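A.B. asks: Contents are PDB, C-alpha atoms; file name work_26.pdb:
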ATOM      1  CA  MET A 195      87.817 -35.846 152.263  1.00  0.00           C
ATOM      2  CA  THR A 196      86.551 -32.280 151.903  1.00  0.00           C
ATOM      3  CA  ARG A 197      84.391 -30.526 154.502  1.00  0.00           C
ATOM      4  CA  PHE A 198      81.515 -30.483 152.007  1.00  0.00           C
ATOM      5  CA  SER A 199      81.790 -34.238 151.513  1.00  0.00           C
ATOM      6  CA  LEU A 200      81.729 -34.867 155.277  1.00  0.00           C
ATOM      7  CA  MET A 201      78.654 -32.695 155.699  1.00  0.00           C
ATOM      8  CA  THR A 202      76.940 -34.500 152.848  1.00  0.00           C
ATOM      9  CA  MET A 203      77.813 -37.901 154.314  1.00  0.00           C
ATOM     10  CA  PHE A 204      76.462 -36.949 157.758  1.00  0.00           C
ATOM     11  CA  SER A 205      73.263 -35.551 156.226  1.00  0.00           C
ATOM     12  CA  VAL A 206      72.649 -38.751 154.270  1.00  0.00           C
ATOM     13  CA  ALA A 207      73.301 -40.844 157.380  1.00  0.00           C
ATOM     14  CA  ALA A 208      70.898 -38.742 159.451  1.00  0.00           C
ATOM     15  CA  LEU A 209      68.238 -39.037 156.768  1.00  0.00           C
ATOM     16  CA  ALA A 210      68.705 -42.786 156.639  1.00  0.00           C
ATOM     17  CA  LEU A 211      68.319 -43.079 160.416  1.00  0.00           C
ATOM     18  CA  SER A 212      65.176 -40.931 160.314  1.00  0.00           C
ATOM     19  CA  VAL A 213      63.618 -43.050 157.561  1.00  0.00           C
ATOM     20  CA  THR A 214      64.499 -46.232 159.454  1.00  0.00           C
ATOM     21  CA  ALA A 215      62.922 -44.888 162.658  1.00  0.00           C
ATOM     22  CA  HIS A 216      59.718 -43.918 160.861  1.00  0.00           C
ATOM     23  CA  ALA A 217      59.575 -47.299 159.160  1.00  0.00           C
ATOM     24  CA  SER A 218      60.030 -49.015 162.517  1.00  0.00           C
ATOM     25  CA  ASP A 219      57.200 -46.961 164.035  1.00  0.00           C
ATOM     26  CA  ALA A 220      54.960 -47.728 161.095  1.00  0.00           C
ATOM     27  CA  ALA A 221      55.665 -51.444 161.506  1.00  0.00           C
ATOM     28  CA  LYS A 222      54.450 -51.442 165.106  1.00  0.00           C
ATOM     29  CA  PRO A 223      50.862 -52.658 165.474  1.00  0.00           C
ATOM     30  CA  ALA A 224      48.336 -50.070 166.619  1.00  0.00           C
ATOM     31  CA  PRO A 225      47.318 -50.411 170.284  1.00  0.00           C
ATOM     32  CA  TYR A 226      44.389 -52.773 170.737  1.00  0.00           C
ATOM     33  CA  GLN A 227      41.221 -50.704 171.059  1.00  0.00           C
ATOM     34  CA  GLY A 228      38.824 -53.411 172.147  1.00  0.00           C
ATOM     35  CA  ASP A 229      36.087 -55.341 170.343  1.00  0.00           C
ATOM     36  CA  ALA A 230      32.519 -54.588 171.384  1.00  0.00           C
ATOM     37  CA  ALA A 231      31.193 -57.841 169.917  1.00  0.00           C
ATOM     38  CA  LYS A 232      33.745 -59.900 171.837  1.00  0.00           C
ATOM     39  CA  GLY A 233      33.051 -57.986 175.014  1.00  0.00           C
ATOM     40  CA  GLN A 234      29.259 -58.252 174.875  1.00  0.00           C
ATOM     41  CA  PRO A 235      28.662 -61.766 176.285  1.00  0.00           C
ATOM     42  CA  LEU A 236      30.743 -61.369 179.452  1.00  0.00           C
ATOM     43  CA  ALA A 237      29.981 -57.673 179.873  1.00  0.00           C
ATOM     44  CA  SER A 238      26.229 -58.289 179.743  1.00  0.00           C
ATOM     45  CA  ALA A 239      26.317 -61.312 182.006  1.00  0.00           C
ATOM     46  CA  VAL A 240      28.978 -60.360 184.558  1.00  0.00           C
ATOM     47  CA  CYS A 241      29.020 -56.546 184.602  1.00  0.00           C
ATOM     48  CA  GLY A 242      25.338 -56.423 183.720  1.00  0.00           C
ATOM     49  CA  ALA A 243      24.342 -57.906 187.056  1.00  0.00           C
ATOM     50  CA  CYS A 244      25.050 -54.538 188.682  1.00  0.00           C
ATOM     51  CA  HIS A 245      25.314 -52.076 185.801  1.00  0.00           C
ATOM     52  CA  GLY A 246      22.560 -53.436 183.550  1.00  0.00           C
ATOM     53  CA  PRO A 247      23.077 -55.672 180.469  1.00  0.00           C
ATOM     54  CA  ASP A 248      23.462 -52.587 178.270  1.00  0.00           C
ATOM     55  CA  GLY A 249      25.244 -50.474 180.869  1.00  0.00           C
ATOM     56  CA  ASN A 250      22.129 -48.666 182.048  1.00  0.00           C
ATOM     57  CA  SER A 251      22.109 -49.416 185.744  1.00  0.00           C
ATOM     58  CA  LEU A 252      18.770 -49.464 187.512  1.00  0.00           C
ATOM     59  CA  THR A 253      20.153 -48.352 190.867  1.00  0.00           C
ATOM     60  CA  SER A 254      22.035 -45.199 191.750  1.00  0.00           C
ATOM     61  CA  ALA A 255      24.587 -47.133 193.807  1.00  0.00           C
ATOM     62  CA  ASN A 256      26.014 -48.469 190.554  1.00  0.00           C
ATOM     63  CA  PRO A 257      26.919 -45.949 187.848  1.00  0.00           C
ATOM     64  CA  LYS A 258      25.643 -46.004 184.305  1.00  0.00           C
ATOM     65  CA  LEU A 259      28.346 -47.224 181.928  1.00  0.00           C
ATOM     66  CA  ALA A 260      26.446 -46.922 178.653  1.00  0.00           C
ATOM     67  CA  GLY A 261      27.851 -44.250 176.362  1.00  0.00           C
ATOM     68  CA  GLN A 262      30.898 -43.631 178.548  1.00  0.00           C
ATOM     69  CA  HIS A 263      34.222 -43.162 176.743  1.00  0.00           C
ATOM     70  CA  ALA A 264      35.980 -46.489 176.259  1.00  0.00           C
ATOM     71  CA  GLN A 265      39.346 -45.064 177.318  1.00  0.00           C
ATOM     72  CA  TYR A 266      37.893 -43.846 180.604  1.00  0.00           C
ATOM     73  CA  LEU A 267      36.154 -47.154 181.316  1.00  0.00           C
ATOM     74  CA  PHE A 268      39.358 -49.065 180.605  1.00  0.00           C
ATOM     75  CA  LYS A 269      41.359 -46.800 182.917  1.00  0.00           C
ATOM     76  CA  GLN A 270      38.900 -47.315 185.757  1.00  0.00           C
ATOM     77  CA  MET A 271      39.016 -51.080 185.336  1.00  0.00           C
ATOM     78  CA  LYS A 272      42.812 -51.000 185.324  1.00  0.00           C
ATOM     79  CA  ASP A 273      42.771 -48.853 188.452  1.00  0.00           C
ATOM     80  CA  PHE A 274      40.481 -51.345 190.192  1.00  0.00           C
ATOM     81  CA  LYS A 275      42.755 -54.274 189.263  1.00  0.00           C
ATOM     82  CA  ALA A 276      45.622 -55.032 191.636  1.00  0.00           C
ATOM     83  CA  ASN A 277      49.171 -54.671 190.330  1.00  0.00           C
ATOM     84  CA  ALA A 278      52.034 -57.113 190.866  1.00  0.00           C
ATOM     85  CA  GLU A 279      52.427 -55.816 194.423  1.00  0.00           C
ATOM     86  CA  GLY A 280      48.756 -56.357 195.178  1.00  0.00           C
ATOM     87  CA  LYS A 281      47.967 -52.623 195.257  1.00  0.00           C
ATOM     88  CA  THR A 282      45.162 -50.815 193.439  1.00  0.00           C
ATOM     89  CA  GLU A 283      44.821 -47.209 192.327  1.00  0.00           C
ATOM     90  CA  ARG A 284      41.120 -47.208 193.147  1.00  0.00           C
ATOM     91  CA  ILE A 285      39.688 -49.043 196.128  1.00  0.00           C
ATOM     92  CA  ASN A 286      36.280 -50.681 196.012  1.00  0.00           C
ATOM     93  CA  PRO A 287      36.014 -54.183 197.522  1.00  0.00           C
ATOM     94  CA  ILE A 288      33.365 -55.295 195.045  1.00  0.00           C
ATOM     95  CA  MET A 289      35.026 -53.964 191.893  1.00  0.00           C
ATOM     96  CA  ASN A 290      38.524 -54.979 193.037  1.00  0.00           C
ATOM     97  CA  GLY A 291      37.304 -58.558 193.250  1.00  0.00           C
ATOM     98  CA  MET A 292      35.130 -58.507 190.127  1.00  0.00           C
ATOM     99  CA  ILE A 293      37.818 -57.245 187.764  1.00  0.00           C
ATOM    100  CA  ALA A 294      40.630 -59.412 189.140  1.00  0.00           C
ATOM    101  CA  PRO A 295      40.232 -62.380 186.720  1.00  0.00           C
ATOM    102  CA  TYR A 296      40.232 -60.372 183.505  1.00  0.00           C
ATOM    103  CA  THR A 297      43.066 -59.458 181.151  1.00  0.00           C
ATOM    104  CA  GLU A 298      43.675 -56.002 179.700  1.00  0.00           C
ATOM    105  CA  GLU A 299      42.351 -57.215 176.341  1.00  0.00           C
ATOM    106  CA  GLN A 300      39.115 -58.377 177.952  1.00  0.00           C
ATOM    107  CA  MET A 301      38.801 -55.091 179.845  1.00  0.00           C
ATOM    108  CA  LYS A 302      39.187 -53.193 176.572  1.00  0.00           C
ATOM    109  CA  ASP A 303      36.480 -55.390 175.039  1.00  0.00           C
ATOM    110  CA  PHE A 304      34.151 -54.610 177.963  1.00  0.00           C
ATOM    111  CA  ALA A 305      34.916 -50.918 177.597  1.00  0.00           C
ATOM    112  CA  ALA A 306      34.269 -50.976 173.838  1.00  0.00           C
ATOM    113  CA  TYR A 307      30.929 -52.703 174.380  1.00  0.00           C
ATOM    114  CA  PHE A 308      29.588 -50.301 176.990  1.00  0.00           C
ATOM    115  CA  ALA A 309      30.893 -47.268 175.108  1.00  0.00           C
ATOM    116  CA  ALA A 310      28.843 -48.364 172.095  1.00  0.00           C
ATOM    117  CA  GLN A 311      25.581 -48.511 174.062  1.00  0.00           C
ATOM    118  CA  LYS A 312      23.108 -45.659 174.327  1.00  0.00           C
ATOM    119  CA  GLN A 313      22.625 -44.186 177.783  1.00  0.00           C
ATOM    120  CA  THR A 314      19.109 -43.733 179.071  1.00  0.00           C
ATOM    121  CA  GLY A 315      18.501 -40.149 180.116  1.00  0.00           C
ATOM    122  CA  GLY A 316      18.586 -38.945 183.680  1.00  0.00           C
ATOM    123  CA  GLU A 317      16.603 -36.176 185.265  1.00  0.00           C
ATOM    124  CA  MET A 318      17.010 -33.347 187.736  1.00  0.00           C
ATOM    125  CA  LYS A 319      15.101 -33.838 190.971  1.00  0.00           C
ATOM    126  CA  ASP A 320      15.693 -30.642 192.943  1.00  0.00           C
ATOM    127  CA  ARG A 321      14.406 -27.687 190.934  1.00  0.00           C
ATOM    128  CA  GLU A 322      15.185 -25.301 193.777  1.00  0.00           C
ATOM    129  CA  ALA A 323      18.905 -26.038 193.354  1.00  0.00           C
ATOM    130  CA  LEU A 324      18.825 -25.513 189.571  1.00  0.00           C
ATOM    131  CA  ALA A 325      20.322 -22.009 189.641  1.00  0.00           C
ATOM    132  CA  LEU A 326      23.233 -23.018 191.875  1.00  0.00           C
ATOM    133  CA  GLY A 327      23.972 -26.211 189.967  1.00  0.00           C
ATOM    134  CA  GLN A 328      23.843 -24.423 186.617  1.00  0.00           C
ATOM    135  CA  LYS A 329      26.113 -21.620 187.855  1.00  0.00           C
ATOM    136  CA  LEU A 330      28.751 -24.030 189.152  1.00  0.00           C
ATOM    137  CA  TRP A 331      28.580 -26.117 185.979  1.00  0.00           C
ATOM    138  CA  ARG A 332      28.863 -23.194 183.592  1.00  0.00           C
ATOM    139  CA  ALA A 333      30.964 -20.666 185.496  1.00  0.00           C
ATOM    140  CA  GLY A 334      32.304 -22.196 188.706  1.00  0.00           C
ATOM    141  CA  ASP A 335      33.014 -19.754 191.534  1.00  0.00           C
ATOM    142  CA  ALA A 336      35.916 -17.394 190.904  1.00  0.00           C
ATOM    143  CA  SER A 337      35.807 -16.092 194.478  1.00  0.00           C
ATOM    144  CA  LYS A 338      37.269 -19.361 195.745  1.00  0.00           C
ATOM    145  CA  GLY A 339      39.103 -20.521 192.649  1.00  0.00           C
ATOM    146  CA  LEU A 340      36.506 -23.110 191.686  1.00  0.00           C
ATOM    147  CA  PRO A 341      36.607 -23.744 187.916  1.00  0.00           C
ATOM    148  CA  ALA A 342      33.549 -24.394 185.787  1.00  0.00           C
ATOM    149  CA  CYS A 343      32.799 -28.101 185.409  1.00  0.00           C
ATOM    150  CA  ALA A 344      31.996 -27.490 181.748  1.00  0.00           C
ATOM    151  CA  ALA A 345      35.565 -26.321 181.120  1.00  0.00           C
ATOM    152  CA  CYS A 346      36.724 -29.944 181.155  1.00  0.00           C
ATOM    153  CA  HIS A 347      33.546 -32.000 180.770  1.00  0.00           C
ATOM    154  CA  GLY A 348      31.978 -29.873 178.035  1.00  0.00           C
ATOM    155  CA  PRO A 349      28.847 -27.695 178.061  1.00  0.00           C
ATOM    156  CA  ALA A 350      26.597 -30.731 177.582  1.00  0.00           C
ATOM    157  CA  GLY A 351      28.605 -32.993 179.895  1.00  0.00           C
ATOM    158  CA  THR A 352      29.826 -35.278 177.132  1.00  0.00           C
ATOM    159  CA  GLY A 353      33.441 -35.116 178.275  1.00  0.00           C
ATOM    160  CA  LEU A 354      36.534 -35.616 176.159  1.00  0.00           C
ATOM    161  CA  PRO A 355      37.744 -39.117 175.200  1.00  0.00           C
ATOM    162  CA  ALA A 356      40.927 -40.262 176.952  1.00  0.00           C
ATOM    163  CA  GLN A 357      40.916 -37.216 179.215  1.00  0.00           C
ATOM    164  CA  TYR A 358      37.584 -36.368 180.849  1.00  0.00           C
ATOM    165  CA  PRO A 359      34.610 -38.701 181.343  1.00  0.00           C
ATOM    166  CA  ARG A 360      31.073 -38.195 180.204  1.00  0.00           C
ATOM    167  CA  LEU A 361      28.959 -37.020 183.159  1.00  0.00           C
ATOM    168  CA  ALA A 362      25.639 -36.141 181.530  1.00  0.00           C
ATOM    169  CA  GLY A 363      22.723 -38.266 182.663  1.00  0.00           C
ATOM    170  CA  GLN A 364      24.620 -39.989 185.482  1.00  0.00           C
ATOM    171  CA  PHE A 365      22.766 -40.676 188.721  1.00  0.00           C
ATOM    172  CA  SER A 366      23.017 -37.612 190.936  1.00  0.00           C
ATOM    173  CA  GLU A 367      23.562 -39.818 194.003  1.00  0.00           C
ATOM    174  CA  TYR A 368      26.559 -41.495 192.374  1.00  0.00           C
ATOM    175  CA  THR A 369      28.124 -38.240 191.216  1.00  0.00           C
ATOM    176  CA  GLU A 370      27.595 -36.732 194.657  1.00  0.00           C
ATOM    177  CA  ALA A 371      29.258 -39.724 196.320  1.00  0.00           C
ATOM    178  CA  GLN A 372      32.271 -39.541 193.992  1.00  0.00           C
ATOM    179  CA  LEU A 373      32.778 -35.813 194.555  1.00  0.00           C
ATOM    180  CA  LYS A 374      32.689 -36.325 198.304  1.00  0.00           C
ATOM    181  CA  ALA A 375      35.155 -39.213 197.968  1.00  0.00           C
ATOM    182  CA  PHE A 376      37.497 -36.995 195.952  1.00  0.00           C
ATOM    183  CA  ARG A 377      37.138 -34.244 198.555  1.00  0.00           C
ATOM    184  CA  VAL A 378      38.589 -36.401 201.325  1.00  0.00           C
ATOM    185  CA  SER A 379      40.951 -38.310 198.991  1.00  0.00           C
ATOM    186  CA  GLU A 380      39.138 -41.619 199.508  1.00  0.00           C
ATOM    187  CA  ARG A 381      39.176 -41.661 195.730  1.00  0.00           C
ATOM    188  CA  ALA A 382      42.506 -40.493 194.382  1.00  0.00           C
ATOM    189  CA  ASN A 383      42.919 -41.933 190.889  1.00  0.00           C
ATOM    190  CA  ASP A 384      42.297 -38.604 189.145  1.00  0.00           C
ATOM    191  CA  MET A 385      44.951 -37.142 186.852  1.00  0.00           C
ATOM    192  CA  ASN A 386      47.238 -34.718 188.699  1.00  0.00           C
ATOM    193  CA  LYS A 387      44.737 -34.613 191.594  1.00  0.00           C
ATOM    194  CA  MET A 388      42.520 -32.361 189.477  1.00  0.00           C
ATOM    195  CA  MET A 389      39.225 -33.593 190.918  1.00  0.00           C
ATOM    196  CA  GLN A 390      40.543 -33.632 194.463  1.00  0.00           C
ATOM    197  CA  MET A 391      41.561 -29.977 194.136  1.00  0.00           C
ATOM    198  CA  VAL A 392      38.121 -29.106 192.753  1.00  0.00           C
ATOM    199  CA  ALA A 393      36.047 -31.064 195.262  1.00  0.00           C
ATOM    200  CA  ILE A 394      37.926 -29.751 198.291  1.00  0.00           C
ATOM    201  CA  LYS A 395      36.615 -26.265 197.462  1.00  0.00           C
ATOM    202  CA  MET A 396      32.977 -27.382 197.355  1.00  0.00           C
ATOM    203  CA  THR A 397      30.413 -27.457 200.130  1.00  0.00           C
ATOM    204  CA  ASP A 398      27.937 -30.302 200.539  1.00  0.00           C
ATOM    205  CA  ALA A 399      25.182 -28.061 199.136  1.00  0.00           C
ATOM    206  CA  GLU A 400      27.261 -27.195 196.059  1.00  0.00           C
ATOM    207  CA  ILE A 401      28.163 -30.823 195.424  1.00  0.00           C
ATOM    208  CA  LYS A 402      24.536 -31.871 195.696  1.00  0.00           C
ATOM    209  CA  ALA A 403      23.336 -29.071 193.410  1.00  0.00           C
ATOM    210  CA  VAL A 404      25.862 -29.678 190.637  1.00  0.00           C
ATOM    211  CA  ALA A 405      25.364 -33.463 190.821  1.00  0.00           C
ATOM    212  CA  ASP A 406      21.633 -32.951 190.374  1.00  0.00           C
ATOM    213  CA  TYR A 407      22.201 -30.554 187.486  1.00  0.00           C
ATOM    214  CA  ILE A 408      24.494 -33.105 185.785  1.00  0.00           C
ATOM    215  CA  ALA A 409      21.808 -35.788 186.018  1.00  0.00           C
ATOM    216  CA  GLY A 410      19.513 -33.640 183.893  1.00  0.00           C
ATOM    217  CA  LEU A 411      22.024 -32.968 181.117  1.00  0.00           C
ATOM    218  CA  HIS A 412      21.481 -34.747 177.796  1.00  0.00           C
TER     219      HIS A 412
END
Please re-express this file's structure in structure tokens.

C.D. replies:
Amino acid sequence: MTRFSLMTMFSVAALALSVTAHASDAAKPAPYQGDAAKGQPLASAVCGACHGPDGNSLTSANPKLAGQHAQYLFKQMKDFKANAEGKTERINPIMNGMIAPYTEEQMKDFAAYFAAQKQTGGEMKDREALALGQKLWRAGDASKGLPACAACHGPAGTGLPAQYPRLAGQFSEYTEAQLKAFRVSERANDMNKMMQMVAIKMTDAEIKAVADYIAGLH
């Protein structure tokens, strides 16, 4: 067999393997994205007790879920659910217990339902902190290596699906509590410790100001 023939044979074989691989990938079902209609009954009845039937919580102790990215909501639910070893990525006695009975498919349905709802707007309460909150949101503080919040969460706080959550309109008290939890690593389910590294550079006054500013974003 000539060298040219061998090269041709190997090229054909490689092409065949490539086509087979692509065909195999194409045959795989797309990941389940969740069904809002299926999620609605349980989400409204079970989750709605604390977060509101449509995901618009009436109390700042419980975050608004309406309009949040489905991927983010699903990740949080997974992080609250204990793994085979009984450990959770995110610790909250109430949520750890509430999410325990549900499957990943059900969690995706819940996430799809709340993501499809419209969030009721929030409002800024402390006008005196507006300048500080706006500065931190838009520009951060280069003097201490604090990045702008908008760099990841977007100028309007709408976030980026599958990467960064929507923050706009969230209760300022809830956002403040989460930033403080990140700062002391009580909450540590952030990707690559990004939020922990941000929060540790913030003072209480800065956290409060930016949380209040976020509440007023629409």

A.B. asks: Counting all atoms listed in the file, note down every residue that has an atom within 6 Å of the point (17.0, -36.7, 180.1) (file coordinates), as a ChimeraX atom specification.

C.D. replies: /A:315-317,410,412

A.B. asks: Could you work out how far CA of Gln300 in chain A lies from CA of Pro223 in chain A, giving the answer in Å with one decimal?

C.D. replies: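 About the pair CA of Pro223 in chain A and CA of Gln300 in chain A: they are 18.1 Å apart.
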
A.B. asks: Using Å and a single decimal, report how far CA of Ala310 in chain A sits from CA of His245 in chain A.

C.D. replies: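 Those two atoms sit 14.6 Å apart.
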
A.B. asks: Let me know the residues the PyMOL selection byres ((chain A and resi 357) around 12) catches in the file above, as a PyMOL selection string.

C.D. replies: chain A and resi 262-267+269+346-348+352-356+358-360+384-386+388

A.B. asks: As a check of understanding, name the residues that the PyMOL selection byres ((chain A and resi 273) around 8) selects in the supplied structure, as a list in words.

C.D. replies: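 Written out, the selection comes to Lys269, Gln270, Met271, Lys272, Phe274, Lys275, Ala276, Thr282, Glu283, Arg284 and Asn383 of chain A.
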
A.B. asks: Please write the residues from the selection above to a file, keeping C-alpha atoms, as a PDB file, in the coordinates of the input.

C.D. replies:
ATOM      1  CA  LYS A 269      41.359 -46.800 182.917  1.00  0.00           C
ATOM      2  CA  GLN A 270      38.900 -47.315 185.757  1.00  0.00           C
ATOM      3  CA  MET A 271      39.016 -51.080 185.336  1.00  0.00           C
ATOM      4  CA  LYS A 272      42.812 -51.000 185.324  1.00  0.00           C
ATOM      5  CA  PHE A 274      40.481 -51.345 190.192  1.00  0.00           C
ATOM      6  CA  LYS A 275      42.755 -54.274 189.263  1.00  0.00           C
ATOM      7  CA  ALA A 276      45.622 -55.032 191.636  1.00  0.00           C
ATOM      8  CA  THR A 282      45.162 -50.815 193.439  1.00  0.00           C
ATOM      9  CA  GLU A 283      44.821 -47.209 192.327  1.00  0.00           C
ATOM     10  CA  ARG A 284      41.120 -47.208 193.147  1.00  0.00           C
ATOM     11  CA  ASN A 383      42.919 -41.933 190.889  1.00  0.00           C
TER      12      ASN A 383
END

A.B. asks: Which residues, named as in the file, does the PyMOL selection byres ((chain A and resi 363-369) around 10) pick out? Answer as a PDB file with C-alpha atoms, keeping the file's coordinate frame.

C.D. replies:
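Now in out-v8.pdb:
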ATOM      1  CA  ASN A 250      22.129 -48.666 182.048  1.00  0.00           C
ATOM      2  CA  SER A 251      22.109 -49.416 185.744  1.00  0.00           C
ATOM      3  CA  LEU A 252      18.770 -49.464 187.512  1.00  0.00           C
ATOM      4  CA  THR A 253      20.153 -48.352 190.867  1.00  0.00           C
ATOM      5  CA  SER A 254      22.035 -45.199 191.750  1.00  0.00           C
ATOM      6  CA  ALA A 255      24.587 -47.133 193.807  1.00  0.00           C
ATOM      7  CA  ASN A 256      26.014 -48.469 190.554  1.00  0.00           C
ATOM      8  CA  PRO A 257      26.919 -45.949 187.848  1.00  0.00           C
ATOM      9  CA  LYS A 258      25.643 -46.004 184.305  1.00  0.00           C
ATOM     10  CA  LEU A 259      28.346 -47.224 181.928  1.00  0.00           C
ATOM     11  CA  ALA A 260      26.446 -46.922 178.653  1.00  0.00           C
ATOM     12  CA  GLN A 313      22.625 -44.186 177.783  1.00  0.00           C
ATOM     13  CA  THR A 314      19.109 -43.733 179.071  1.00  0.00           C
ATOM     14  CA  GLY A 315      18.501 -40.149 180.116  1.00  0.00           C
ATOM     15  CA  GLY A 316      18.586 -38.945 183.680  1.00  0.00           C
ATOM     16  CA  GLU A 317      16.603 -36.176 185.265  1.00  0.00           C
ATOM     17  CA  MET A 318      17.010 -33.347 187.736  1.00  0.00           C
ATOM     18  CA  LYS A 319      15.101 -33.838 190.971  1.00  0.00           C
ATOM     19  CA  ALA A 350      26.597 -30.731 177.582  1.00  0.00           C
ATOM     20  CA  GLY A 351      28.605 -32.993 179.895  1.00  0.00           C
ATOM     21  CA  THR A 352      29.826 -35.278 177.132  1.00  0.00           C
ATOM     22  CA  ARG A 360      31.073 -38.195 180.204  1.00  0.00           C
ATOM     23  CA  LEU A 361      28.959 -37.020 183.159  1.00  0.00           C
ATOM     24  CA  ALA A 362      25.639 -36.141 181.530  1.00  0.00           C
ATOM     25  CA  GLU A 370      27.595 -36.732 194.657  1.00  0.00           C
ATOM     26  CA  ALA A 371      29.258 -39.724 196.320  1.00  0.00           C
ATOM     27  CA  GLN A 372      32.271 -39.541 193.992  1.00  0.00           C
ATOM     28  CA  LEU A 373      32.778 -35.813 194.555  1.00  0.00           C
ATOM     29  CA  LYS A 374      32.689 -36.325 198.304  1.00  0.00           C
ATOM     30  CA  ALA A 375      35.155 -39.213 197.968  1.00  0.00           C
ATOM     31  CA  ILE A 401      28.163 -30.823 195.424  1.00  0.00           C
ATOM     32  CA  LYS A 402      24.536 -31.871 195.696  1.00  0.00           C
ATOM     33  CA  ALA A 403      23.336 -29.071 193.410  1.00  0.00           C
ATOM     34  CA  VAL A 404      25.862 -29.678 190.637  1.00  0.00           C
ATOM     35  CA  ALA A 405      25.364 -33.463 190.821  1.00  0.00           C
ATOM     36  CA  ASP A 406      21.633 -32.951 190.374  1.00  0.00           C
ATOM     37  CA  TYR A 407      22.201 -30.554 187.486  1.00  0.00           C
ATOM     38  CA  ILE A 408      24.494 -33.105 185.785  1.00  0.00           C
ATOM     39  CA  ALA A 409      21.808 -35.788 186.018  1.00  0.00           C
ATOM     40  CA  GLY A 410      19.513 -33.640 183.893  1.00  0.00           C
ATOM     41  CA  LEU A 411      22.024 -32.968 181.117  1.00  0.00           C
ATOM     42  CA  HIS A 412      21.481 -34.747 177.796  1.00  0.00           C
TER      43      HIS A 412
END

A.B. asks: Taking (31.5, -62.0, 176.3) in the file's own coordinates, collect the residues within 12 Å, counting all atoms listed in the file, and hand them back as a list in words.

C.D. replies: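 Residues with an atom at most 12 Å from (31.5, -62.0, 176.3): Asp229, Ala230, Ala231, Lys232, Gly233, Gln234, Pro235, Leu236, Ala237, Ser238, Ala239, Val240, Cys241, Gly242, Pro247, Tyr296, Glu299, Gln300, Met301, Lys302, Asp303, Phe304, Ala305, Ala306, Tyr307 and Phe308 of chain A.
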
A.B. asks: Would you compute the distance between CA of Arg321 in chain A and CA of Ala393 in chain A? Give it in Å to one decimal.

C.D. replies: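 So the two atoms, CA of Arg321 in chain A and CA of Ala393 in chain A, lie 22.3 Å apart.
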